[in-house]
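Each remark here refers to the structure printed beneath this line.
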Amino acid sequence: MSPNTSKSPSQQDSLDATKHLEEAFAIFYAESQKLEAQQTALQEKINQLSSELQKSNQRLAILLNAIPAGVILLENDIVSLHNPAVLSFLPQLKAGATFEIPSDWQASITPGEYLITQKGAQKRIQKTVQVVRINEGPRSFIQIQDITANILRHEETQRENRLAAMGRMAAGIAHQFRTPLATALLYASHLCDGQINADTSKEFADRLRKQLLDLEKLSQDMLRFISNKPNKTTLINANQIIEDAQASIQFLFEAKQVNLSVTAKDINNVHLLVEPKAISNAIVAILENALAVSKANETVSILATSDQQTLTITISDQGPGIAKEMLKSLFEPFSTTSANGTGLGLSIAKNIIESFRGSISAENSKQGAVFQINLPYSQPSINH
């Protein structure tokens with residue numbers, strides 16, 4: 001009888017389990033090999049990215065060190081990093097210190113700009129710097145840039161524009177002076193010949209005085225046009241400037257029975273670093289222009305609004321509007337269609353506003369003419 005070669009069920013189950021275990025180990029080994037290969041590739045990628053990041057940081061450091069503007073990185077208002085250029089503005093700046101605008105930096109007429117005085121080789125040098133701050137949560141980036149050259153170019157451009165305008169003005173001066181001067185000479189001649197009675201003499205004297213006053217006003221307007229340097233700047237609330245302008249001209253509106261409507265929106269905290277009287281005079285010059293074209297019972301409106309950096313004053317009337325051929329030359333000297341006007345009022349207003357880094361424009365609407373003044377205003381300190 002041959003031996004029984006068949007396996008028992010328990011033996012068969014053991015063999016099957018061993019086979020499955022071997023297959024599982026084979027699969028695990030294969031997957032381990034794949035994972036190891038992926039890990040190696042991932043490590044190579046990490047090394048590559050780390051190398052590229054290091055090179056980028058080196059290039060960025062070279063770039064930051066090369067630019068003339070100062071750059072500061074703050075963490076919760078504490079200086080974390082800065083480039084060498086910033087030391088030309090803040091030589092005592094150190095990492096770990098709290099950042100503050102130096103107390104001897106004087107705020108300029110434009111937000112974010114400061115006047116600083118530095119010691120030169122032989123004299124003290126005054127510079128204008130612009131400070132820009134960008135906040136991203138607890139982290140802040142500050143850029144400090146010397147814009148003195150830009151300011152000087154702006155002033156030089158203004159001076160050249162005024163000189164060019166003065167050249168055009170010269171052609172109109174003779175005409176502007178000729179009529180009142182000839183009239184004054186005529187009245188003076190009658191007064192001197194002794195051929196008129198006392199009543200007529202007084203009348204001619206009054207007319208002579210009026211012509212001379214007109215000549216004086218014209219000469220003063222011309223001087224104001226030529227010089228646009230502010231005498232003394234003062235930090236003043238925007239409401240006060242508008243109220244002063246309104247008070248200066250209100251009686252003229254009442255005399256002509258023209259309404260003057262004033263609306264101010266959210267400007268209680270707006271303060272301008274300007275020469276207050278000069279700005280009020282510029283607004284009055286525009287209001288005089290609007291009043292001249294207005295009829296009784298019509299309305300001239302002043303609307304004052306502000307955004308984060310700019311005060312906007314809009315003056316609109318219900319007159320006939322501005323002739324198309326006048327729009328381009330409206331702010332040039334002697335640009336007027338009025339027989340009684342000198343054409344210098346709007347030119348003077350433009351010079352005053354631009355001297356404080358502002359702008360003025362004019363356009364027509366469906367109701368009449370619209371003038372818009374934009375002026376930068378002072379903001380809270382950049383330290384907070």
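Labels used: A, B, ... for chains in the order of the structure tokens, numbers from 1 for residues in each chain, and numbers from 1 for ligands as shown.
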Residue list (strand (DSSP E), DSSP) for stretch 91-149 of chain A, as a PyMOL selection string: chain A and resi 106-107+113-119+124-136+139-146
Contacts of stretch 358-364 of chain A within 9 Å, only C-alpha atoms, excl. fewer than 4 positions in-chain, as a PyMOL selection string: chain A and resi 310+321-323+327+330-331+349-350+352-354+368-376
Would you list the contacts of A:Leu273 as a PDB file with N, CA and C atoms, in the first residue's frame, taking every protein, DNA or RNA residue within 12 Å and counting only C-alpha atoms, but skipping same-chain residues closer than 3 positions in sequence?
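Wrote part09.pdb, looks like this:
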ATOM      1  N   GLN A 106      10.436 117.709   9.423  1.00  0.00           N
ATOM      2  CA  GLN A 106       9.285 118.602   9.333  1.00  0.00           C
ATOM      3  C   GLN A 106       8.334 118.133   8.232  1.00  0.00           C
ATOM      4  N   ALA A 107       7.061 117.994   8.570  1.00  0.00           N
ATOM      5  CA  ALA A 107       6.068 117.554   7.588  1.00  0.00           C
ATOM      6  C   ALA A 107       5.966 118.568   6.455  1.00  0.00           C
ATOM      7  N   SER A 108       5.937 118.050   5.223  1.00  0.00           N
ATOM      8  CA  SER A 108       5.801 118.903   4.051  1.00  0.00           C
ATOM      9  C   SER A 108       4.330 119.179   3.787  1.00  0.00           C
ATOM     10  N   ILE A 109       4.046 119.921   2.693  1.00  0.00           N
ATOM     11  CA  ILE A 109       2.656 120.227   2.362  1.00  0.00           C
ATOM     12  C   ILE A 109       1.953 119.035   1.737  1.00  0.00           C
ATOM     13  N   THR A 110       2.697 117.986   1.413  1.00  0.00           N
ATOM     14  CA  THR A 110       2.122 116.791   0.805  1.00  0.00           C
ATOM     15  C   THR A 110       2.211 115.631   1.780  1.00  0.00           C
ATOM     16  N   PRO A 111       1.136 114.849   1.934  1.00  0.00           N
ATOM     17  CA  PRO A 111       1.170 113.711   2.865  1.00  0.00           C
ATOM     18  C   PRO A 111       2.315 112.749   2.551  1.00  0.00           C
ATOM     19  N   GLU A 113       5.467 113.249   2.963  1.00  0.00           N
ATOM     20  CA  GLU A 113       6.724 113.901   2.601  1.00  0.00           C
ATOM     21  C   GLU A 113       7.227 114.730   3.786  1.00  0.00           C
ATOM     22  N   PRO A 230       4.539 130.733  -1.553  1.00  0.00           N
ATOM     23  CA  PRO A 230       3.788 130.993  -0.322  1.00  0.00           C
ATOM     24  C   PRO A 230       4.657 131.701   0.702  1.00  0.00           C
ATOM     25  N   LYS A 232       3.993 132.016   4.204  1.00  0.00           N
ATOM     26  CA  LYS A 232       4.111 131.234   5.424  1.00  0.00           C
ATOM     27  C   LYS A 232       2.988 130.203   5.462  1.00  0.00           C
ATOM     28  N   THR A 233       3.360 128.952   5.589  1.00  0.00           N
ATOM     29  CA  THR A 233       2.354 127.898   5.621  1.00  0.00           C
ATOM     30  C   THR A 233       1.917 127.625   7.053  1.00  0.00           C
ATOM     31  N   THR A 234       0.635 127.292   7.190  1.00  0.00           N
ATOM     32  CA  THR A 234       0.052 127.004   8.493  1.00  0.00           C
ATOM     33  C   THR A 234      -0.876 125.805   8.348  1.00  0.00           C
ATOM     34  N   LEU A 235      -0.899 124.964   9.357  1.00  0.00           N
ATOM     35  CA  LEU A 235      -1.820 123.832   9.357  1.00  0.00           C
ATOM     36  C   LEU A 235      -3.206 124.343   9.760  1.00  0.00           C
ATOM     37  N   ILE A 236      -4.161 124.265   8.839  1.00  0.00           N
ATOM     38  CA  ILE A 236      -5.488 124.849   9.066  1.00  0.00           C
ATOM     39  C   ILE A 236      -6.564 123.877   8.608  1.00  0.00           C
ATOM     40  N   ASN A 237      -7.686 123.896   9.313  1.00  0.00           N
ATOM     41  CA  ASN A 237      -8.800 123.019   8.977  1.00  0.00           C
ATOM     42  C   ASN A 237      -9.438 123.451   7.661  1.00  0.00           C
ATOM     43  N   ALA A 238      -9.821 122.484   6.852  1.00  0.00           N
ATOM     44  CA  ALA A 238     -10.393 122.780   5.541  1.00  0.00           C
ATOM     45  C   ALA A 238     -11.687 123.573   5.657  1.00  0.00           C
ATOM     46  N   ILE A 241     -11.021 127.341   5.805  1.00  0.00           N
ATOM     47  CA  ILE A 241     -10.672 127.972   4.530  1.00  0.00           C
ATOM     48  C   ILE A 241     -11.933 128.276   3.725  1.00  0.00           C
ATOM     49  N   VAL A 270      -9.890 117.131   8.180  1.00  0.00           N
ATOM     50  CA  VAL A 270      -8.953 117.431   7.098  1.00  0.00           C
ATOM     51  C   VAL A 270      -8.221 118.729   7.414  1.00  0.00           C
ATOM     52  N   PRO A 276      -3.250 130.074   4.401  1.00  0.00           N
ATOM     53  CA  PRO A 276      -4.721 130.105   4.394  1.00  0.00           C
ATOM     54  C   PRO A 276      -5.313 131.196   3.524  1.00  0.00           C
ATOM     55  N   ALA A 278      -4.084 132.720   0.965  1.00  0.00           N
ATOM     56  CA  ALA A 278      -3.852 132.485  -0.458  1.00  0.00           C
ATOM     57  C   ALA A 278      -4.871 131.507  -1.019  1.00  0.00           C
ATOM     58  N   ILE A 279      -5.123 130.396  -0.302  1.00  0.00           N
ATOM     59  CA  ILE A 279      -6.088 129.414  -0.779  1.00  0.00           C
ATOM     60  C   ILE A 279      -7.488 130.007  -0.803  1.00  0.00           C
ATOM     61  N   LEU A 311      -8.229 116.636  -0.644  1.00  0.00           N
ATOM     62  CA  LEU A 311      -9.426 117.447  -0.463  1.00  0.00           C
ATOM     63  C   LEU A 311      -9.869 117.926  -1.838  1.00  0.00           C
ATOM     64  N   SER A 355       1.117 125.892  -6.419  1.00  0.00           N
ATOM     65  CA  SER A 355       2.251 126.121  -5.523  1.00  0.00           C
ATOM     66  C   SER A 355       2.161 125.250  -4.277  1.00  0.00           C
ATOM     67  N   PHE A 356       0.960 124.760  -3.949  1.00  0.00           N
ATOM     68  CA  PHE A 356       0.768 123.853  -2.819  1.00  0.00           C
ATOM     69  C   PHE A 356       0.549 122.420  -3.299  1.00  0.00           C
ATOM     70  N   ARG A 357       1.082 122.097  -4.473  1.00  0.00           N
ATOM     71  CA  ARG A 357       1.057 120.746  -5.047  1.00  0.00           C
ATOM     72  C   ARG A 357      -0.357 120.281  -5.359  1.00  0.00           C
ATOM     73  N   GLY A 358      -1.258 121.227  -5.607  1.00  0.00           N
ATOM     74  CA  GLY A 358      -2.626 120.887  -5.963  1.00  0.00           C
ATOM     75  C   GLY A 358      -2.851 121.011  -7.454  1.00  0.00           C
ATOM     76  N   LEU A 375      -6.488 119.306  -3.539  1.00  0.00           N
ATOM     77  CA  LEU A 375      -5.364 119.697  -2.688  1.00  0.00           C
ATOM     78  C   LEU A 375      -4.974 118.534  -1.782  1.00  0.00           C
ATOM     79  N   PRO A 376      -3.682 118.200  -1.706  1.00  0.00           N
ATOM     80  CA  PRO A 376      -3.264 117.162  -0.754  1.00  0.00           C
ATOM     81  C   PRO A 376      -3.374 117.699   0.666  1.00  0.00           C
ATOM     82  N   TYR A 377      -3.706 116.823   1.597  1.00  0.00           N
ATOM     83  CA  TYR A 377      -3.816 117.271   2.986  1.00  0.00           C
ATOM     84  C   TYR A 377      -3.028 116.368   3.906  1.00  0.00           C
ATOM     85  N   SER A 378      -2.736 116.895   5.082  1.00  0.00           N
ATOM     86  CA  SER A 378      -1.906 116.180   6.048  1.00  0.00           C
ATOM     87  C   SER A 378      -2.675 115.066   6.696  1.00  0.00           C
ATOM     88  N   GLN A 379      -1.994 113.941   6.924  1.00  0.00           N
ATOM     89  CA  GLN A 379      -2.589 112.777   7.556  1.00  0.00           C
ATOM     90  C   GLN A 379      -1.961 112.546   8.914  1.00  0.00           C
TER      91      GLN A 379
END
Residues of stretch 19-238 of chain A in alpha helix (DSSP H), written as a PyMOL selection string: chain A and resi 19-66+148-193+198-226+238
Point-to-point distance in Å for atom CA of A:Gly70 and atom CA of A:Asp104: 18.3 Å
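With distances restricted to only C-alpha atoms, A:Ile302 is the closest residue to A:Val262 from A:Ile302, A:Leu346, A:Ala282, A:Ile147.
Nearest residue to A:Ile249 among A:Glu216, A:Glu288, A:Glu275, A:Glu44 is A:Glu288, counting only C-alpha atoms.
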Between atom CA of A:Arg133 and atom CA of A:His82 - distance in Å to one decimal: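 Here the two named atoms are 13.7 Å from each other.
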Residue nearest A:Phe141 among A:Glu23, A:Glu298, A:Asp77, A:Asp317 (counting only C-alpha atoms):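 Of A:Glu23, A:Glu298, A:Asp77, A:Asp317, the one nearest A:Phe141, counting only C-alpha atoms, is A:Asp77.
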Within 8 Å of stretch 87-96 of chain A using only C-alpha atoms, minus same-chain residues under 6 positions, as a count of residues only: 6
